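Below: start-v7.txt (compact mmCIF, C-alpha atoms and all ligand atoms)
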```txt
# COMPACT_ATOMS: atom_id res chain seq x y z
CA MET A 1 -9.18 27.38 20.07
CA LYS A 2 -10.49 24.50 18.02
CA ARG A 3 -10.59 21.30 19.96
CA TYR A 4 -8.92 18.21 18.49
CA TYR A 5 -11.02 15.05 18.17
CA PRO A 6 -9.71 11.68 16.95
CA PRO A 7 -10.88 11.25 13.32
CA GLN A 8 -13.54 8.60 14.07
CA VAL A 9 -15.02 10.79 16.85
CA GLU A 10 -14.93 13.89 14.65
CA ALA A 11 -16.73 11.99 11.87
CA LYS A 12 -19.53 11.03 14.28
CA ARG A 13 -19.79 14.55 15.64
CA GLN A 14 -20.04 15.99 12.13
CA GLU A 15 -22.68 13.45 11.17
CA ALA A 16 -24.67 14.26 14.30
CA LEU A 17 -24.95 17.92 13.24
CA PHE A 18 -27.32 16.82 10.48
CA ARG A 19 -29.74 15.27 12.94
CA PHE A 20 -31.51 18.57 13.48
CA TYR A 21 -35.26 18.37 12.86
CA GLY A 22 -38.45 20.38 13.00
CA PHE A 23 -37.11 23.92 13.45
CA GLU A 24 -38.61 26.75 11.45
CA GLU A 25 -36.69 29.65 10.00
CA GLN A 26 -38.87 32.38 11.52
CA TRP A 27 -38.65 31.17 15.12
CA VAL A 28 -37.08 33.89 17.26
CA HIS A 29 -36.55 31.59 20.22
CA SER A 30 -36.82 27.84 20.02
CA VAL A 31 -37.86 25.28 22.59
CA TYR A 32 -36.20 21.98 21.77
CA ALA A 33 -35.73 18.41 22.89
CA LEU A 34 -32.54 16.39 22.75
CA VAL A 35 -33.45 12.86 21.71
CA ALA A 36 -31.21 9.81 22.05
CA ARG A 37 -31.55 6.95 19.62
CA GLU A 38 -30.38 3.59 20.81
CA ASN A 39 -31.32 0.06 19.80
CA GLY A 40 -33.65 1.49 17.19
CA GLN A 41 -35.68 3.41 19.79
CA LYS A 42 -35.80 7.15 20.32
CA VAL A 43 -36.16 8.69 23.74
CA PRO A 44 -36.29 12.38 24.76
CA ILE A 45 -33.58 13.08 27.34
CA TYR A 46 -33.62 16.86 27.77
CA VAL A 47 -35.70 19.96 27.05
CA GLY A 48 -34.02 23.32 26.47
CA GLU A 49 -34.54 26.73 24.87
CA SER A 50 -32.26 28.84 22.73
CA ALA A 51 -32.24 31.79 20.38
CA ARG A 52 -29.61 29.96 18.30
CA PRO A 53 -30.52 26.28 18.38
CA ARG A 54 -27.96 25.14 15.79
CA GLN A 55 -25.17 26.73 17.75
CA ARG A 56 -26.56 25.26 20.97
CA PHE A 57 -26.67 21.82 19.38
CA ARG A 58 -23.04 22.19 18.38
CA SER A 59 -22.05 23.01 21.94
CA HIS A 60 -24.08 20.09 23.35
CA LEU A 61 -22.27 17.79 20.92
CA LYS A 62 -18.92 19.27 21.81
CA VAL A 63 -19.44 18.12 25.38
CA ALA A 64 -20.90 14.79 24.32
CA TYR A 65 -18.02 13.87 22.03
CA GLY A 66 -15.31 15.74 23.90
CA GLY A 67 -15.21 13.06 26.54
CA ARG A 68 -14.24 15.35 29.41
CA GLY A 69 -15.23 18.49 31.30
CA GLY A 70 -18.72 19.50 32.20
CA SER A 71 -20.34 18.40 35.41
CA THR A 72 -24.04 19.08 34.85
CA LEU A 73 -26.64 16.36 34.83
CA LEU A 74 -27.07 16.79 31.08
CA GLN A 75 -23.36 16.66 30.29
CA GLY A 76 -23.00 13.40 32.23
CA GLU A 77 -26.08 11.97 30.52
CA LEU A 78 -24.82 12.90 27.04
CA ARG A 79 -21.45 11.27 27.64
CA ARG A 80 -23.06 8.09 29.00
CA ARG A 81 -25.30 7.91 25.93
CA ILE A 82 -22.44 8.41 23.50
CA LYS A 83 -20.45 5.70 25.23
CA LYS A 84 -23.38 3.34 24.67
CA GLU A 85 -23.23 4.25 20.96
CA SER A 86 -26.43 6.32 21.08
CA LEU A 87 -27.09 8.87 18.39
CA ILE A 88 -28.11 12.31 19.65
CA GLU A 89 -30.75 14.30 17.74
CA MET A 90 -32.17 17.77 18.27
CA HIS A 91 -35.88 18.34 17.64
CA GLY A 92 -37.71 21.68 17.54
CA LEU A 93 -40.76 21.64 19.84
CA ALA A 94 -42.07 25.20 19.57
CA GLY A 95 -41.13 28.64 18.32
CA VAL A 96 -41.85 31.64 20.55
CA GLY A 97 -41.23 35.35 20.36
CA ASP A 98 -39.02 36.09 23.34
CA ARG A 99 -36.87 34.67 26.12
CA VAL A 100 -39.47 34.80 28.89
CA GLU A 101 -41.99 32.87 26.80
CA ALA A 102 -39.23 30.42 25.89
CA LEU A 103 -38.41 29.76 29.55
CA SER A 104 -42.09 29.27 30.34
CA ARG A 105 -42.67 26.84 27.47
CA GLU A 106 -39.42 25.01 28.20
CA ALA A 107 -40.59 24.28 31.76
CA GLY A 108 -44.04 23.29 30.46
CA TRP A 109 -42.63 20.84 27.92
CA ALA A 110 -40.24 19.30 30.44
CA ARG A 111 -43.14 18.69 32.85
CA ALA A 112 -45.36 17.28 30.12
CA LEU A 113 -42.70 14.79 28.95
CA GLU A 114 -41.83 13.76 32.49
CA ARG A 115 -45.48 13.09 33.18
CA ARG A 116 -45.45 10.68 30.25
CA GLY A 117 -42.70 8.71 31.88
CA PHE A 118 -39.54 10.12 30.30
CA ARG A 119 -36.72 10.85 32.74
CA LEU A 120 -35.07 14.05 31.64
CA ALA A 121 -31.60 15.32 32.48
CA ASN A 122 -33.06 18.75 33.24
CA SER A 123 -31.90 19.95 36.62
CA TRP A 124 -34.15 22.90 37.47
CA PRO A 125 -36.82 21.99 40.05
CA GLU A 126 -39.58 23.78 38.12
CA HIS A 127 -38.97 21.35 35.24
CA ARG A 128 -40.17 18.35 37.28
CA ALA A 129 -43.65 16.98 36.63
CA SER A 130 -44.35 17.25 40.36
CA SER A 131 -43.40 20.95 40.53
CA ARG A 132 -46.01 23.40 41.75
CA VAL A 133 -44.01 26.46 40.74
CA ALA A 134 -46.43 28.58 38.73
CA LYS A 135 -44.06 31.11 37.17
CA VAL A 136 -40.56 31.14 35.73
CA PRO A 137 -38.38 31.90 38.79
CA GLU A 138 -36.67 35.28 38.79
CA ALA A 139 -33.24 33.61 39.05
CA ARG A 140 -33.82 31.86 35.69
CA MET A 141 -34.74 35.09 34.00
CA LEU A 142 -31.70 36.80 35.47
CA SER A 143 -29.38 34.08 34.23
CA SER A 144 -31.01 33.68 30.80
CA MET A 145 -32.12 37.14 29.69
CA SER A 146 -29.65 39.52 28.08
CA LEU A 147 -29.72 43.30 28.40
CA VAL A 148 -30.93 43.62 24.79
CA GLU A 149 -33.80 41.22 25.49
CA ALA A 150 -34.68 43.02 28.73
CA HIS A 151 -34.70 46.34 26.93
CA ALA A 152 -36.96 45.02 24.17
CA LEU A 153 -39.42 43.65 26.73
CA GLY A 154 -39.40 46.80 28.87
CA VAL A 155 -37.92 44.88 31.80
CA GLY A 156 -36.17 47.02 34.40
CA LEU A 157 -33.36 46.04 36.72
CA LEU A 158 -33.09 47.03 40.35
CA LEU A 159 -29.99 46.52 42.47
CA VAL A 160 -30.93 45.99 46.10
CA CYS A 161 -28.71 45.98 49.18
CA SER A 162 -30.00 43.26 51.48
CA HIS A 163 -28.09 44.84 54.37
CA CYS A 164 -29.29 48.44 54.47
CA GLY A 165 -32.08 48.31 51.92
CA LEU A 166 -30.67 50.85 49.47
CA THR A 167 -32.04 50.32 45.97
CA LEU A 168 -30.52 51.43 42.70
CA PRO A 169 -32.68 51.28 39.57
CA LEU A 170 -30.85 50.55 36.32
CA ALA A 171 -32.33 51.07 32.88
CA PRO A 172 -31.18 48.39 30.40
CA ARG A 173 -31.14 51.04 27.68
CA ASP A 174 -28.50 53.11 29.52
CA LEU A 175 -26.35 50.10 30.32
CA LEU A 176 -26.42 48.81 26.74
CA VAL A 177 -24.39 51.74 25.52
CA GLY A 178 -21.53 51.10 27.89
CA ILE A 179 -21.26 47.36 28.26
CA GLY A 180 -22.93 45.54 25.38
CA SER A 181 -25.44 42.81 26.17
CA PRO A 182 -24.42 40.41 28.94
CA LYS A 183 -26.97 38.31 30.83
CA LEU A 184 -28.75 40.22 33.57
CA ASN A 185 -27.17 38.27 36.42
CA ARG A 186 -23.78 39.66 35.41
CA PHE A 187 -24.49 42.55 37.77
CA GLN A 188 -25.08 40.27 40.71
CA SER A 189 -22.15 40.56 43.13
CA LEU A 190 -20.38 43.12 40.96
CA VAL A 191 -21.70 46.25 42.59
CA GLY A 192 -21.08 47.26 46.18
CA CYS A 193 -23.63 49.38 48.08
CA SER A 194 -22.58 53.03 48.22
CA GLU A 195 -24.04 53.34 51.74
CA CYS A 196 -22.66 50.30 53.53
CA GLY A 197 -20.37 48.49 51.09
CA HIS A 198 -22.30 45.20 51.04
CA ILE A 199 -22.81 43.39 47.76
CA MET A 200 -25.99 44.36 45.92
CA ARG A 201 -28.37 41.80 44.42
CA SER A 202 -30.30 42.09 41.16
CA ARG A 203 -34.09 42.17 41.11
CA LEU A 204 -36.29 42.38 38.07
CA LYS A 205 -39.06 44.85 37.43
CA LEU A 206 -41.43 43.10 35.07
CA PRO A 207 -44.17 44.94 33.18
CA ALA A 208 -47.59 43.27 33.55
CA GLY A 209 -47.40 41.77 30.04
CA VAL A 210 -44.08 40.09 30.81
CA GLN A 211 -45.37 38.81 34.14
CA ALA A 212 -48.23 37.18 32.31
CA LYS A 213 -45.79 35.49 29.92
CA SER A 214 -43.78 34.12 32.82
CA VAL A 215 -46.68 31.89 33.88
CA ILE A 216 -45.52 28.35 33.07
CA THR A 217 -47.69 26.96 30.28
CA GLU A 218 -47.70 23.34 29.22
CA PRO A 219 -48.11 22.24 25.61
CA SER A 220 -51.50 20.90 24.58
CA ASN A 221 -51.97 17.17 24.48
CA GLU A 222 -52.09 17.40 20.71
CA GLU A 223 -48.70 19.15 20.52
CA VAL A 224 -47.15 16.46 22.70
CA VAL A 225 -48.69 13.67 20.62
CA VAL A 226 -47.41 15.22 17.39
CA PHE A 227 -43.85 15.34 18.78
CA LEU A 228 -43.98 11.82 20.22
CA ALA A 229 -45.41 10.45 16.99
CA GLY A 230 -42.53 12.12 15.13
CA ILE A 231 -40.00 10.12 17.15
CA GLY A 232 -42.03 6.93 16.95
CA ARG A 233 -43.25 6.87 20.54
CA VAL A 234 -47.00 6.85 19.90
ZN ZN A 301 -26.21 48.84 51.88
```
Encoded form (structure tokens):
Amino acid sequence: MKRYYPPQVEAKRQEALFRFYGFEEQWVHSVYALVARENGQKVPIYVGESARPRQRFRSHLKVAYGGRGGSTLLQGELRRRIKKESLIEMHGLAGVGDRVEALSREAGWARALERRGFRLANSWPEHRASSRVAKVPEARMLSSMSLVEAHALGVGLLLVCSHCGLTLPLAPRDLLVGIGSPKLNRFQSLVGCSECGHIMRSRLKLPAGVQAKSVITEPSNEEVVVFLAGIGRV
């Protein structure tokens, strides 16, 4: 259902949709920054990744201008900024080929910007500048990667019973036929162990190439400078 906004709020939300910069058509997955503009200054407030950045921007703005709902750090931050009459912009930081790379670069960019003194509304611990986590955690991949993406990357899924140890390998290709392409963590807590009845947990089986991509890589200093210069911070 389409949400109703008072006309002056709707006008601002519509105008905000045009503040979408630096994305390139051929990017399969995009790493992006949300930037707030207030008192003539721009400041990055969040780093994210998406296969459909325009759509993602729309949903960020929906929360920001909706004035209710949403309890994450980012949603609170967006609403505070809007209340202070900030303008929200979305800037493309990097284009990558797949979800795992996107998660790795997203964490790298968040760390790099935090290290330069920007406080981001990112909530995952591996996004902090002080984090020593070297790879994208399995839980992130499970909650972000769809079956189609897993299939394309040759990623396998294993359901494991933590009680009796029974394991059940699942091939994304076989599941695709029956259930479409939900995120991989959809299977978590859905399947009971056939031996003991306990809930089974998802584990990933990553081919070596995908494991290598999951190593968190930070942008080069030059990349960061180019972005910061673009928003007038250098
Ligand atoms: Zn079991």
request  = Show me as a list in words the residues that reach within 10 Å of (-39.2, 45.9, 33.8), counting all atoms listed in the file and using the file's own coordinates.
outcome  = Ala150, His151, Ala152, Leu153, Gly154, Val155, Gly156, Leu157, Leu158, Leu170, Ala171, Pro172, Arg203, Leu204, Lys205, Leu206, Pro207, Ala208, Gly209, Val210 and Gln211 of chain A
Selection export as a PDB file, in the coordinates of the input, atoms kept: C-alpha atoms:
```
ATOM      1  CA  ALA A 150     -34.680  43.020  28.730  1.00  0.00           C
ATOM      2  CA  HIS A 151     -34.700  46.340  26.930  1.00  0.00           C
ATOM      3  CA  ALA A 152     -36.960  45.020  24.170  1.00  0.00           C
ATOM      4  CA  LEU A 153     -39.420  43.650  26.730  1.00  0.00           C
ATOM      5  CA  GLY A 154     -39.400  46.800  28.870  1.00  0.00           C
ATOM      6  CA  VAL A 155     -37.920  44.880  31.800  1.00  0.00           C
ATOM      7  CA  GLY A 156     -36.170  47.020  34.400  1.00  0.00           C
ATOM      8  CA  LEU A 157     -33.360  46.040  36.720  1.00  0.00           C
ATOM      9  CA  LEU A 158     -33.090  47.030  40.350  1.00  0.00           C
ATOM     10  CA  LEU A 170     -30.850  50.550  36.320  1.00  0.00           C
ATOM     11  CA  ALA A 171     -32.330  51.070  32.880  1.00  0.00           C
ATOM     12  CA  PRO A 172     -31.180  48.390  30.400  1.00  0.00           C
ATOM     13  CA  ARG A 203     -34.090  42.170  41.110  1.00  0.00           C
ATOM     14  CA  LEU A 204     -36.290  42.380  38.070  1.00  0.00           C
ATOM     15  CA  LYS A 205     -39.060  44.850  37.430  1.00  0.00           C
ATOM     16  CA  LEU A 206     -41.430  43.100  35.070  1.00  0.00           C
ATOM     17  CA  PRO A 207     -44.170  44.940  33.180  1.00  0.00           C
ATOM     18  CA  ALA A 208     -47.590  43.270  33.550  1.00  0.00           C
ATOM     19  CA  GLY A 209     -47.400  41.770  30.040  1.00  0.00           C
ATOM     20  CA  VAL A 210     -44.080  40.090  30.810  1.00  0.00           C
ATOM     21  CA  GLN A 211     -45.370  38.810  34.140  1.00  0.00           C
TER      22      GLN A 211
END
```
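Separating atom CA of A:Gly22 from atom CA of A:Asn221 is a distance of 18.0 Å.
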ask   = How would you write as a ChimeraX atom specification the residues that get within 12 Å of (-41.8, 9.8, 31.7) in the file's frame, counting all atoms listed in the file?
value = /A:43-46,109-121,128-130,228,233
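Relative to atom CA of A:Val234, atom CA of A:Asn39 is found at 17.1 Å.
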task = Rank nothing, just name the residue among A:Cys164, A:Val136, A:Ala36, A:Ile82 nearest to ligand ZN 301 (chain A), using only C-alpha atoms and all ligand atoms.
result = A:Cys164
ask   = Can I get the residues close to ligand ZN 301 (chain A) as a PyMOL selection string, where close means within 12 Å and we count all atoms listed in the file?
value = chain A and resi 159-168+191-201
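Nearest residue to A:Val35, choosing from A:Val215, A:Val47, A:Ile88, A:Leu190 and counting all atoms listed in the file: A:Ile88.
Taking only C-alpha atoms into account, A:Arg140 lies nearest to A:Pro125 out of the set A:Gly97, A:Pro219, A:Pro125, A:Gly108.
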